[in-house]
Each structure stands twice: as structure tokens, then as C-alpha cells.
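*Asks:* The following block contains the structure, expressed as C-alpha cells.
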Amino acid sequence: SCRSWAYSVSIWRWEIGSERGERLVRTIIDIAHDLGMRVVAEGIETEAQLAFLRRAGCDYGQGYLIAPPMPAEALPAFMRDFSLKAPVD
């Protein structure tokens, strides 16, 4: 059977906008993909970070830009509203 693995990248540690930071994040994403993993970026706080991660091929993301922490009972309403606003690629 085939398993799907995810590698998590804490984006706040790397300076998006700097050549060195972006090169490092791209390399991590590429290595994870070469190993058959999906990549989750954590700590996305700006549109620039999100745009870079999309260009770099990151699979998933989380952070304040997408949603602040919330109580579990608020999640169903958030998911309903978020799915209506989410861009379709």
C-alpha cells in the first residue's frame, strides 16, 4: 500500500524575500517532493509569503493569513465561508 507523508516547513524561520531564504525553502520543498512527500508551510502571515510558496510548489499552508487560532466550535462556519472564498487553481 502507498502512504502519503507530509513534511512541515515553518516559514517564519526563513526570510521570504531574501535570495538565500527562498533558495533554502525551495530546496526543502523539492527534496520532500522527490521523496514522495507533501509539504505543509506553517506560519504564513503575508501575501508575499503565500505567493512565493505557491510558485515554489508548496502543497498546503497554514498561518494567520489563512486563519487565526479559533475554538473548535467556530471551525464549521469558518470552513463553510472559507470554501466559498478560496481561489480555484
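Note on naming: chains are A, B, ... as they come in the C-alpha cells, residues start from 1 per chain, ligands start from 1 in the order shown.
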As a VMD selection string, please: the residues near Leu53 of chain A (cut-off 10 Å, only C-alpha atoms, same-chain neighbours under 2 positions excluded).
*Replies:* chain A and resid 11 16 22 25 to 26 29 40 to 41 44 47 to 51 55 to 61
*Asks:* Create the file for the chosen residues now, containing N, CA and C atoms and written as an mmCIF file, in the first residue's frame.
*Replies:*
```
data_model
loop_
_atom_site.group_PDB
_atom_site.id
_atom_site.type_symbol
_atom_site.label_atom_id
_atom_site.label_comp_id
_atom_site.auth_asym_id
_atom_site.auth_seq_id
_atom_site.Cartn_x
_atom_site.Cartn_y
_atom_site.Cartn_z
ATOM 1 N N ILE A 11 7.646 28.473 8.003
ATOM 2 C CA ILE A 11 8.054 29.537 7.098
ATOM 3 C C ILE A 11 8.592 30.754 7.840
ATOM 4 N N ILE A 16 11.450 35.111 3.662
ATOM 5 C CA ILE A 16 10.943 35.133 2.295
ATOM 6 C C ILE A 16 11.178 36.544 1.777
ATOM 7 N N GLU A 22 14.736 32.044 0.336
ATOM 8 C CA GLU A 22 13.859 31.442 -0.677
ATOM 9 C C GLU A 22 14.506 30.219 -1.314
ATOM 10 N N VAL A 25 14.094 27.305 1.156
ATOM 11 C CA VAL A 25 12.727 26.777 1.213
ATOM 12 C C VAL A 25 12.410 25.996 -0.060
ATOM 13 N N ARG A 26 12.799 26.522 -1.222
ATOM 14 C CA ARG A 26 12.580 25.783 -2.481
ATOM 15 C C ARG A 26 13.272 24.423 -2.450
ATOM 16 N N ILE A 29 11.345 22.010 -0.249
ATOM 17 C CA ILE A 29 10.138 21.564 -0.955
ATOM 18 C C ILE A 29 10.501 20.544 -2.036
ATOM 19 N N VAL A 40 3.743 21.024 3.968
ATOM 20 C CA VAL A 40 2.872 21.973 4.655
ATOM 21 C C VAL A 40 3.737 23.116 5.165
ATOM 22 N N ALA A 41 3.453 24.330 4.740
ATOM 23 C CA ALA A 41 4.158 25.505 5.258
ATOM 24 C C ALA A 41 3.382 26.048 6.446
ATOM 25 N N ILE A 44 2.359 31.134 7.805
ATOM 26 C CA ILE A 44 2.178 32.076 6.692
ATOM 27 C C ILE A 44 1.432 33.301 7.214
ATOM 28 N N GLU A 47 0.843 38.013 2.247
ATOM 29 C CA GLU A 47 0.506 37.627 0.870
ATOM 30 C C GLU A 47 1.771 37.283 0.093
ATOM 31 N N ALA A 48 2.879 37.979 0.372
ATOM 32 C CA ALA A 48 4.137 37.707 -0.323
ATOM 33 C C ALA A 48 4.629 36.296 0.000
ATOM 34 N N GLN A 49 4.528 35.878 1.247
ATOM 35 C CA GLN A 49 4.923 34.517 1.621
ATOM 36 C C GLN A 49 4.051 33.497 0.899
ATOM 37 N N LEU A 50 2.742 33.734 0.893
ATOM 38 C CA LEU A 50 1.818 32.802 0.240
ATOM 39 C C LEU A 50 2.106 32.714 -1.253
ATOM 40 N N ALA A 51 2.330 33.857 -1.907
ATOM 41 C CA ALA A 51 2.610 33.859 -3.341
ATOM 42 C C ALA A 51 3.901 33.098 -3.641
ATOM 43 N N ARG A 55 4.346 29.594 -5.890
ATOM 44 C CA ARG A 55 5.297 29.484 -7.003
ATOM 45 C C ARG A 55 6.302 28.357 -6.767
ATOM 46 N N ALA A 56 6.670 28.134 -5.516
ATOM 47 C CA ALA A 56 7.670 27.116 -5.173
ATOM 48 C C ALA A 56 7.084 25.704 -5.154
ATOM 49 N N GLY A 57 5.763 25.580 -5.289
ATOM 50 C CA GLY A 57 5.144 24.262 -5.350
ATOM 51 C C GLY A 57 4.747 23.676 -4.010
ATOM 52 N N CYS A 58 4.641 24.514 -2.981
ATOM 53 C CA CYS A 58 4.215 24.022 -1.673
ATOM 54 C C CYS A 58 2.779 23.500 -1.775
ATOM 55 N N ASP A 59 2.513 22.372 -1.120
ATOM 56 C CA ASP A 59 1.218 21.715 -1.264
ATOM 57 C C ASP A 59 0.126 22.306 -0.378
ATOM 58 N N TYR A 60 0.470 22.635 0.856
ATOM 59 C CA TYR A 60 -0.517 23.123 1.824
ATOM 60 C C TYR A 60 0.102 24.221 2.668
ATOM 61 N N GLY A 61 -0.756 25.015 3.312
ATOM 62 C CA GLY A 61 -0.237 26.050 4.193
ATOM 63 C C GLY A 61 -1.185 26.347 5.328
#
```
*Asks:* Near segment 64-78 of chain A, counting only C-alpha atoms, which residues have an atom at most 8 Å away, once you skip same-chain residues fewer than 3 positions from it, shown as a list in words?
*Replies:*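 In the requested form, the answer reads Gly43, Ile44, Glu45, Thr46, Glu47, Asp81 and Phe82 of chain A.
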*Asks:* Could you pull out all residues of segment 11-85 of chain A with a DSSP call of alpha helix (DSSP H) and give them as a PyMOL selection string?
*Replies:* chain A and resi 19-34+47-56+75-85
*Asks:* Could those selected residues go to a file with C-alpha atoms, as a JSON list (two decimals), in the first residue's frame?
*Replies:*
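Final output, saved to again_12.json:
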```
[["chain", "number", "residue", "atom", "x", "y", "z"],
["A", 19, "GLU", "CA", 17.54, 35.04, -2.06],
["A", 20, "ARG", "CA", 19.14, 32.70, 0.48],
["A", 21, "GLY", "CA", 15.92, 32.09, 2.44],
["A", 22, "GLU", "CA", 13.86, 31.44, -0.68],
["A", 23, "ARG", "CA", 16.51, 29.13, -2.13],
["A", 24, "LEU", "CA", 16.53, 27.11, 1.09],
["A", 25, "VAL", "CA", 12.73, 26.78, 1.21],
["A", 26, "ARG", "CA", 12.58, 25.78, -2.48],
["A", 27, "THR", "CA", 15.25, 23.14, -1.84],
["A", 28, "ILE", "CA", 13.33, 21.71, 1.13],
["A", 29, "ILE", "CA", 10.14, 21.56, -0.96],
["A", 30, "ASP", "CA", 11.96, 19.91, -3.88],
["A", 31, "ILE", "CA", 13.63, 17.30, -1.66],
["A", 32, "ALA", "CA", 10.34, 16.46, 0.05],
["A", 33, "HIS", "CA", 8.61, 16.07, -3.33],
["A", 34, "ASP", "CA", 11.48, 13.91, -4.64],
["A", 47, "GLU", "CA", 0.51, 37.63, 0.87],
["A", 48, "ALA", "CA", 4.14, 37.71, -0.32],
["A", 49, "GLN", "CA", 4.92, 34.52, 1.62],
["A", 50, "LEU", "CA", 1.82, 32.80, 0.24],
["A", 51, "ALA", "CA", 2.61, 33.86, -3.34],
["A", 52, "PHE", "CA", 6.19, 32.60, -3.04],
["A", 53, "LEU", "CA", 5.07, 29.27, -1.59],
["A", 54, "ARG", "CA", 2.58, 28.78, -4.42],
["A", 55, "ARG", "CA", 5.30, 29.48, -7.00],
["A", 56, "ALA", "CA", 7.67, 27.12, -5.17],
["A", 75, "LEU", "CA", -14.48, 25.70, 12.65],
["A", 76, "PRO", "CA", -17.60, 24.55, 10.73],
["A", 77, "ALA", "CA", -18.67, 28.14, 9.98],
["A", 78, "PHE", "CA", -15.11, 29.10, 9.05],
["A", 79, "MET", "CA", -14.78, 26.16, 6.66],
["A", 80, "ARG", "CA", -18.12, 26.94, 5.01],
["A", 81, "ASP", "CA", -17.18, 30.60, 4.49],
["A", 82, "PHE", "CA", -13.57, 29.85, 3.54],
["A", 83, "SER", "CA", -14.52, 27.35, 0.85],
["A", 84, "LEU", "CA", -16.71, 30.00, -0.77],
["A", 85, "LYS", "CA", -13.78, 32.45, -0.93]]
```
